[in-house]
>>> print(open('coords38.cif').read())   # mmCIF, C-alpha atoms
data_data
loop_
_atom_site.label_atom_id
_atom_site.label_comp_id
_atom_site.auth_asym_id
_atom_site.auth_seq_id
_atom_site.Cartn_x
_atom_site.Cartn_y
_atom_site.Cartn_z
CA MET A 1 108.65 171.85 142.94
CA PRO A 2 109.36 168.80 140.75
CA ASP A 3 106.56 167.31 138.66
CA ARG A 4 106.58 163.85 140.21
CA PRO A 5 103.65 161.64 141.09
CA SER A 6 102.68 161.42 144.72
CA PRO A 7 102.95 157.94 146.16
CA PRO A 8 100.17 155.90 144.56
CA ASP A 9 98.52 155.11 147.87
CA ARG A 10 98.16 158.75 149.03
CA ASP A 11 96.33 161.73 147.62
CA ARG A 12 95.70 165.30 148.69
CA SER A 13 92.01 166.02 149.00
CA ARG A 14 90.69 168.78 146.72
CA SER A 15 88.56 170.08 149.57
CA GLY A 16 90.98 171.25 152.19
CA GLY A 17 94.32 169.58 151.68
CA ALA A 18 93.91 166.72 154.15
CA ARG A 19 95.76 163.51 153.34
CA ILE A 20 93.45 160.65 152.44
CA ASP A 21 94.54 157.03 152.38
CA ARG A 22 93.99 155.62 148.88
CA ARG A 23 95.47 152.14 149.37
CA PRO A 24 93.72 149.41 147.41
CA ALA A 25 91.33 147.43 149.60
CA ALA A 26 92.87 144.05 148.85
CA GLY A 27 95.81 142.48 147.08
CA PRO A 28 99.27 143.71 146.17
CA ARG A 29 98.22 145.30 142.86
CA SER A 30 99.68 148.74 142.45
CA THR A 31 97.62 151.72 141.40
CA VAL A 32 97.70 152.60 137.69
CA LEU A 33 98.71 156.25 137.35
CA ALA A 34 97.37 158.28 134.44
CA ALA A 35 96.98 161.92 133.41
CA GLY A 36 94.95 163.88 130.92
CA ALA A 37 93.19 167.14 130.20
CA VAL A 38 89.89 168.75 129.43
CA LEU A 39 90.97 170.52 126.25
CA TRP A 40 88.79 173.54 125.51
CA VAL A 41 88.49 176.56 123.24
CA PRO A 42 86.35 179.68 123.71
CA GLY A 43 82.83 179.44 122.34
CA PRO A 44 81.91 181.16 119.10
CA LEU A 45 80.83 184.79 119.10
CA ARG A 46 77.15 185.68 119.15
CA LYS A 47 75.79 188.53 117.04
CA ASP A 48 75.80 190.79 120.11
CA GLY A 49 79.55 190.21 120.63
CA SER A 50 79.21 187.94 123.67
CA ARG A 51 80.54 184.41 123.56
CA LYS A 52 78.68 181.14 123.69
CA LYS A 53 79.90 178.49 126.13
CA PRO A 54 83.33 176.98 125.44
CA ARG A 55 83.82 173.93 123.24
CA VAL A 56 85.36 170.79 124.75
CA ALA A 57 87.37 168.18 122.85
CA LEU A 58 86.18 164.58 123.10
CA VAL A 59 87.99 161.63 121.58
CA HIS A 60 86.55 158.38 120.28
CA ARG A 61 88.59 155.27 121.06
CA PRO A 62 87.68 152.46 118.63
CA LYS A 63 89.26 149.78 120.85
CA TYR A 64 86.64 150.50 123.54
CA ASP A 65 84.06 152.17 121.28
CA ASP A 66 83.77 154.99 123.79
CA TRP A 67 83.89 158.78 123.93
CA SER A 68 86.23 160.19 126.53
CA LEU A 69 88.63 162.95 127.43
CA PRO A 70 92.25 162.58 126.35
CA LYS A 71 94.22 160.68 128.99
CA GLY A 72 96.74 157.89 129.39
CA LYS A 73 99.18 156.13 131.66
CA LEU A 74 102.35 157.75 132.92
CA ASP A 75 105.54 156.41 131.38
CA PRO A 76 108.21 155.26 133.87
CA GLY A 77 109.80 158.31 135.52
CA GLU A 78 107.34 160.71 133.85
CA GLY A 79 105.60 163.40 135.88
CA TRP A 80 101.87 164.05 135.94
CA ARG A 81 101.92 167.26 133.88
CA ALA A 82 104.35 165.88 131.29
CA ALA A 83 102.11 162.83 130.86
CA ALA A 84 99.01 165.00 130.43
CA LEU A 85 100.72 167.09 127.74
CA ARG A 86 102.03 163.98 125.95
CA GLU A 87 98.67 162.20 126.03
CA VAL A 88 96.79 165.22 124.68
CA ARG A 89 99.34 165.52 121.86
CA GLU A 90 99.19 161.78 121.06
CA GLU A 91 95.40 161.52 121.13
CA THR A 92 94.36 164.86 119.63
CA GLY A 93 97.42 166.07 117.71
CA MET A 94 97.24 169.32 119.71
CA HIS A 95 100.00 171.02 121.61
CA CYS A 96 98.51 172.73 124.65
CA VAL A 97 99.11 174.73 127.78
CA LEU A 98 97.87 173.30 131.04
CA GLY A 99 95.86 175.50 133.36
CA ALA A 100 94.26 174.68 136.69
CA GLU A 101 94.16 171.13 137.97
CA LEU A 102 90.70 169.56 137.97
CA PRO A 103 89.32 166.89 140.33
CA VAL A 104 91.31 163.68 140.60
CA GLN A 105 89.49 160.50 139.63
CA HIS A 106 89.87 157.14 141.38
CA TYR A 107 88.22 154.01 140.00
CA LEU A 108 88.84 150.38 139.12
CA ALA A 109 90.02 149.59 135.59
CA GLN A 110 90.19 145.90 134.70
CA GLY A 111 90.20 145.07 138.40
CA ARG A 112 93.06 147.43 139.30
CA PRO A 113 92.82 150.74 141.12
CA LYS A 114 93.46 153.70 138.84
CA GLU A 115 94.23 157.34 139.67
CA VAL A 116 93.81 159.89 136.90
CA ARG A 117 94.80 163.55 137.29
CA TYR A 118 93.34 166.10 134.88
CA TRP A 119 94.00 169.73 134.00
CA ALA A 120 92.08 172.36 132.10
CA ALA A 121 94.04 172.94 128.88
CA VAL A 122 93.94 175.19 125.84
CA PRO A 123 95.42 174.24 122.47
CA THR A 124 98.32 176.30 121.10
CA GLY A 125 98.67 174.51 117.76
CA GLY A 126 98.56 171.20 116.00
CA ALA A 127 96.00 169.26 114.01
CA PHE A 128 94.07 166.06 114.59
CA ARG A 129 94.93 163.00 112.54
CA PRO A 130 93.11 159.72 113.17
CA ASN A 131 95.41 157.09 114.61
CA ARG A 132 95.40 153.61 116.11
CA GLU A 133 94.14 154.80 119.51
CA VAL A 134 91.76 157.60 118.49
CA ASP A 135 89.77 157.69 115.26
CA ARG A 136 87.63 160.79 115.89
CA LEU A 137 87.85 164.14 117.68
CA GLU A 138 84.84 166.37 118.24
CA TRP A 139 84.58 169.88 119.71
CA LEU A 140 81.25 170.10 121.52
CA PRO A 141 79.45 172.58 123.78
CA PRO A 142 79.48 171.37 127.41
CA ARG A 143 75.91 170.01 127.51
CA ARG A 144 76.39 167.97 124.33
CA ALA A 145 79.84 166.82 125.48
CA LYS A 146 78.39 165.54 128.75
CA GLU A 147 75.67 163.67 126.86
CA ARG A 148 78.24 162.11 124.51
CA LEU A 149 80.71 160.96 127.18
CA THR A 150 80.51 157.23 127.78
CA HIS A 151 81.61 157.28 131.43
CA PRO A 152 79.50 159.36 133.85
CA ARG A 153 82.60 160.08 135.97
CA ASP A 154 83.99 162.24 133.12
CA ARG A 155 80.99 164.58 133.30
CA VAL A 156 82.22 165.89 136.65
CA LEU A 157 85.33 167.19 134.89
CA ILE A 158 83.31 169.26 132.43
CA ASP A 159 81.31 170.70 135.33
CA ALA A 160 84.59 171.55 137.10
CA LEU A 161 85.90 173.26 133.96
CA LEU A 162 82.72 175.33 133.65
CA GLU A 163 82.93 176.32 137.31
CA LEU A 164 86.52 177.39 136.75
CA LEU A 165 85.77 179.37 133.59
CA LEU A 166 82.35 180.81 134.33
CA GLY A 167 82.36 180.95 138.11
#
>>> encode(input="coords38.cif", output="structure tokens")
Amino acid sequence: MPDRPSPPDRDRSRSGGARIDRRPAAGPRSTVLAAGAVLWVPGPLRKDGSRKKPRVALVHRPKYDDWSLPKGKLDPGEGWRAAALREVREETGMHCVLGAELPVQHYLAQGRPKEVRYWAAVPTGGAFRPNREVDRLEWLPPRRAKERLTHPRDRVLIDALLELLLG
């Protein structure tokens, strides 16, 4: 199955597969398509050999002075998964492997509808270097990551990751 975006005005519901109309309410503005990931690593070991909760990567964007998850717009002709991998690499310096898809987000950004698809992802290599878009990267336990995130909608993605990993 090719990795191509679905039409911007349609989306498959995460709770049963029904098609849901996602057309903007007014105006001819097209939906901005973006992709990203919740990049995570296993938590550190406790003395008893069990693991603490995983650590999640958050990025600080100086342009917006916010803390978020790595994400960005699809390039023309780029698929969702390819965009997620590229954006994680550009914003965190990490190469990663995508896992399960997480909930899709729909919201208005600068007056335009935006659809962002996310995946759980684990790093396979790379190193963070501050850049024009992202000046800081932090690996935080889920509770602290949720507190640090600027946009409440991103907290749902950490909850979804925990549900996926911990059941």
>>> closest_residue(input="coords38.cif", among="A:Phe128, A:Tyr64, A:Tyr107, A:Trp119", to="Trp80 (chain A)", atoms="only C-alpha atoms")
A:Trp119
>>> resolve_selection(input="coords38.cif", expression="the PyMOL selection byres ((chain A and resi 151) around 9)", output="number ranges by chain")
A: 66-68, 149-150, 152-155
>>> atom_distance(input="coords38.cif", atom1="CA of Gly111 (chain A)", atom2="CA of Arg132 (chain A)")
24.4 Å
>>> resolve_selection(input="coords38.cif", expression="the PyMOL selection byres ((chain A and resi 63) around 10)", output="ChimeraX atom specification")
/A:60-62,64-66,132-135
>>> write_last_selection(input="coords38.cif", atoms="C-alpha atoms", output="PDB file, in the frame of the given file")
ATOM      1  CA  HIS A  60      86.550 158.380 120.280  1.00  0.00           C
ATOM      2  CA  ARG A  61      88.590 155.270 121.060  1.00  0.00           C
ATOM      3  CA  PRO A  62      87.680 152.460 118.630  1.00  0.00           C
ATOM      4  CA  TYR A  64      86.640 150.500 123.540  1.00  0.00           C
ATOM      5  CA  ASP A  65      84.060 152.170 121.280  1.00  0.00           C
ATOM      6  CA  ASP A  66      83.770 154.990 123.790  1.00  0.00           C
ATOM      7  CA  ARG A 132      95.400 153.610 116.110  1.00  0.00           C
ATOM      8  CA  GLU A 133      94.140 154.800 119.510  1.00  0.00           C
ATOM      9  CA  VAL A 134      91.760 157.600 118.490  1.00  0.00           C
ATOM     10  CA  ASP A 135      89.770 157.690 115.260  1.00  0.00           C
TER      11      ASP A 135
END
>>> resolve_selection(input="coords38.cif", expression="the PyMOL selection byres ((chain A and resi 74) around 8)", output="MDAnalysis selection string")
chainID A and resid 33:35 72:73 75:80 83
>>> axis_aligned_box(input="coords38.cif", around="region 44-57 of chain A", padding_each_side="4 Å", output="lines of an AutoDock Vina configuration file")
center_x = 81.6
center_y = 179.5
center_z = 121.6
size_x = 19.6
size_y = 30.6
size_z = 17.1
>>> atom_distance(input="coords38.cif", atom1="CA of Leu98 (chain A)", atom2="CA of Glu115 (chain A)")
18.5 Å
>>> residues_around(input="coords38.cif", residues="Lys114 (chain A)", least_positions_apart="6", cutoff="6 Å", atoms="all atoms listed in the file", output="list in words")
Thr31, Val32, His106, Tyr107 and Leu108 of chain A
>>> closest_residue(input="coords38.cif", among="A:Pro142, A:Pro54, A:Gly36, A:Gly125", to="Glu87 (chain A)", atoms="only C-alpha atoms")
A:Gly36
>>> residues_near_point(input="coords38.cif", point="(79.9, 166.9, 126.3)", cutoff="12 Å", atoms="all atoms listed in the file", output="PyMOL selection string")
chain A and resi 38-40+53-59+67-69+138-152+154-159+161-162
>>> decode(input="coords38.cif", residues="region 98-143 of chain A", atoms="N, CA and C atoms", output="tab-separated table (two decimals), in the first residue's frame")
chain	number	residue	atom	x	y	z
A	98	LEU	N	9.50	4.03	12.85
A	98	LEU	CA	8.13	4.31	13.24
A	98	LEU	C	7.43	3.04	13.67
A	99	GLY	N	6.63	3.14	14.71
A	99	GLY	CA	5.82	2.04	15.19
A	99	GLY	C	4.36	2.30	14.87
A	100	ALA	N	3.51	2.09	15.84
A	100	ALA	CA	2.07	2.23	15.65
A	100	ALA	C	1.67	3.69	15.43
A	101	GLU	N	0.64	3.87	14.63
A	101	GLU	CA	0.11	5.21	14.43
A	101	GLU	C	-0.69	5.62	15.67
A	102	LEU	N	-0.57	6.87	16.04
A	102	LEU	CA	-1.26	7.43	17.19
A	102	LEU	C	-2.43	8.27	16.70
A	103	PRO	N	-3.25	8.81	17.59
A	103	PRO	CA	-4.43	9.57	17.15
A	103	PRO	C	-4.05	10.75	16.23
A	104	VAL	N	-4.90	10.96	15.24
A	104	VAL	CA	-4.74	12.07	14.31
A	104	VAL	C	-5.28	13.33	14.97
A	105	GLN	N	-4.60	14.44	14.76
A	105	GLN	CA	-5.06	15.71	15.32
A	105	GLN	C	-5.58	16.60	14.20
A	106	HIS	N	-6.68	17.29	14.49
A	106	HIS	CA	-7.26	18.28	13.59
A	106	HIS	C	-7.47	19.56	14.38
A	107	TYR	N	-6.94	20.67	13.88
A	107	TYR	CA	-7.12	21.95	14.55
A	107	TYR	C	-6.87	23.08	13.56
A	108	LEU	N	-7.14	24.29	13.98
A	108	LEU	CA	-6.87	25.46	13.14
A	108	LEU	C	-5.50	26.01	13.50
A	109	ALA	N	-4.71	26.31	12.48
A	109	ALA	CA	-3.40	26.93	12.66
A	109	ALA	C	-3.36	28.16	11.77
A	110	GLN	N	-3.27	29.32	12.38
A	110	GLN	CA	-3.28	30.58	11.66
A	110	GLN	C	-4.49	30.68	10.73
A	111	GLY	N	-5.64	30.23	11.25
A	111	GLY	CA	-6.89	30.33	10.53
A	111	GLY	C	-7.13	29.26	9.48
A	112	ARG	N	-6.21	28.32	9.32
A	112	ARG	CA	-6.38	27.25	8.34
A	112	ARG	C	-6.53	25.90	9.04
A	113	PRO	N	-7.36	25.03	8.49
A	113	PRO	CA	-7.46	23.69	9.08
A	113	PRO	C	-6.15	22.94	8.89
A	114	LYS	N	-5.77	22.18	9.92
A	114	LYS	CA	-4.53	21.42	9.87
A	114	LYS	C	-4.81	20.00	10.34
A	115	GLU	N	-4.24	19.04	9.64
A	115	GLU	CA	-4.32	17.63	10.01
A	115	GLU	C	-2.90	17.14	10.24
A	116	VAL	N	-2.66	16.59	11.45
A	116	VAL	CA	-1.33	16.10	11.78
A	116	VAL	C	-1.46	14.63	12.18
A	117	ARG	N	-0.69	13.79	11.50
A	117	ARG	CA	-0.64	12.36	11.82
A	117	ARG	C	0.66	12.08	12.57
A	118	TYR	N	0.55	11.27	13.62
A	118	TYR	CA	1.69	10.96	14.47
A	118	TYR	C	1.87	9.44	14.58
A	119	TRP	N	3.12	9.05	14.84
A	119	TRP	CA	3.47	7.67	15.11
A	119	TRP	C	4.30	7.60	16.37
A	120	ALA	N	4.23	6.46	17.05
A	120	ALA	CA	5.20	6.16	18.10
A	120	ALA	C	6.50	5.88	17.34
A	121	ALA	N	7.63	6.29	17.90
A	121	ALA	CA	8.91	6.08	17.21
A	121	ALA	C	10.02	5.88	18.22
A	122	VAL	N	10.99	5.05	17.84
A	122	VAL	CA	12.18	4.85	18.67
A	122	VAL	C	13.41	5.26	17.87
A	123	PRO	N	14.35	5.94	18.53
A	123	PRO	CA	15.56	6.35	17.82
A	123	PRO	C	16.47	5.17	17.54
A	124	THR	N	17.16	5.22	16.40
A	124	THR	CA	18.13	4.18	16.04
A	124	THR	C	19.54	4.76	15.93
A	125	GLY	N	19.66	6.06	16.07
A	125	GLY	CA	20.97	6.70	15.99
A	125	GLY	C	20.80	8.20	15.78
A	126	GLY	N	21.93	8.88	15.77
A	126	GLY	CA	21.90	10.32	15.57
A	126	GLY	C	22.20	11.07	16.84
A	127	ALA	N	22.28	12.39	16.71
A	127	ALA	CA	22.57	13.24	17.86
A	127	ALA	C	21.93	14.61	17.62
A	128	PHE	N	21.43	15.19	18.69
A	128	PHE	CA	20.79	16.49	18.59
A	128	PHE	C	21.83	17.60	18.44
A	129	ARG	N	21.55	18.51	17.54
A	129	ARG	CA	22.32	19.74	17.40
A	129	ARG	C	21.33	20.88	17.28
A	130	PRO	N	21.43	21.89	18.13
A	130	PRO	CA	20.51	23.03	18.00
A	130	PRO	C	20.55	23.60	16.58
A	131	ASN	N	19.39	24.04	16.11
A	131	ASN	CA	19.31	24.59	14.77
A	131	ASN	C	18.33	25.75	14.75
A	132	ARG	N	18.06	26.27	13.58
A	132	ARG	CA	17.19	27.43	13.42
A	132	ARG	C	15.78	27.16	13.94
A	133	GLU	N	15.27	25.97	13.73
A	133	GLU	CA	13.89	25.64	14.14
A	133	GLU	C	13.78	25.19	15.58
A	134	VAL	N	14.77	24.44	16.05
A	134	VAL	CA	14.71	23.83	17.38
A	134	VAL	C	16.01	24.11	18.12
A	135	ASP	N	15.91	24.75	19.28
A	135	ASP	CA	17.13	25.07	20.02
A	135	ASP	C	17.39	24.16	21.23
A	136	ARG	N	16.37	23.37	21.62
A	136	ARG	CA	16.54	22.46	22.75
A	136	ARG	C	15.75	21.18	22.54
A	137	LEU	N	16.30	20.10	23.07
A	137	LEU	CA	15.64	18.79	23.08
A	137	LEU	C	15.76	18.26	24.50
A	138	GLU	N	14.64	17.79	25.04
A	138	GLU	CA	14.67	17.20	26.38
A	138	GLU	C	13.97	15.85	26.37
A	139	TRP	N	14.55	14.88	27.09
A	139	TRP	CA	13.95	13.56	27.28
A	139	TRP	C	13.34	13.56	28.68
A	140	LEU	N	12.02	13.46	28.73
A	140	LEU	CA	11.31	13.57	30.01
A	140	LEU	C	10.41	12.37	30.26
A	141	PRO	N	10.19	12.03	31.55
A	141	PRO	CA	9.18	11.02	31.85
A	141	PRO	C	7.81	11.57	31.44
A	142	PRO	N	6.86	10.69	31.16
A	142	PRO	CA	5.56	11.13	30.63
A	142	PRO	C	4.87	12.24	31.42
A	143	ARG	N	4.82	12.12	32.73
A	143	ARG	CA	4.11	13.15	33.52
A	143	ARG	C	4.76	14.51	33.34
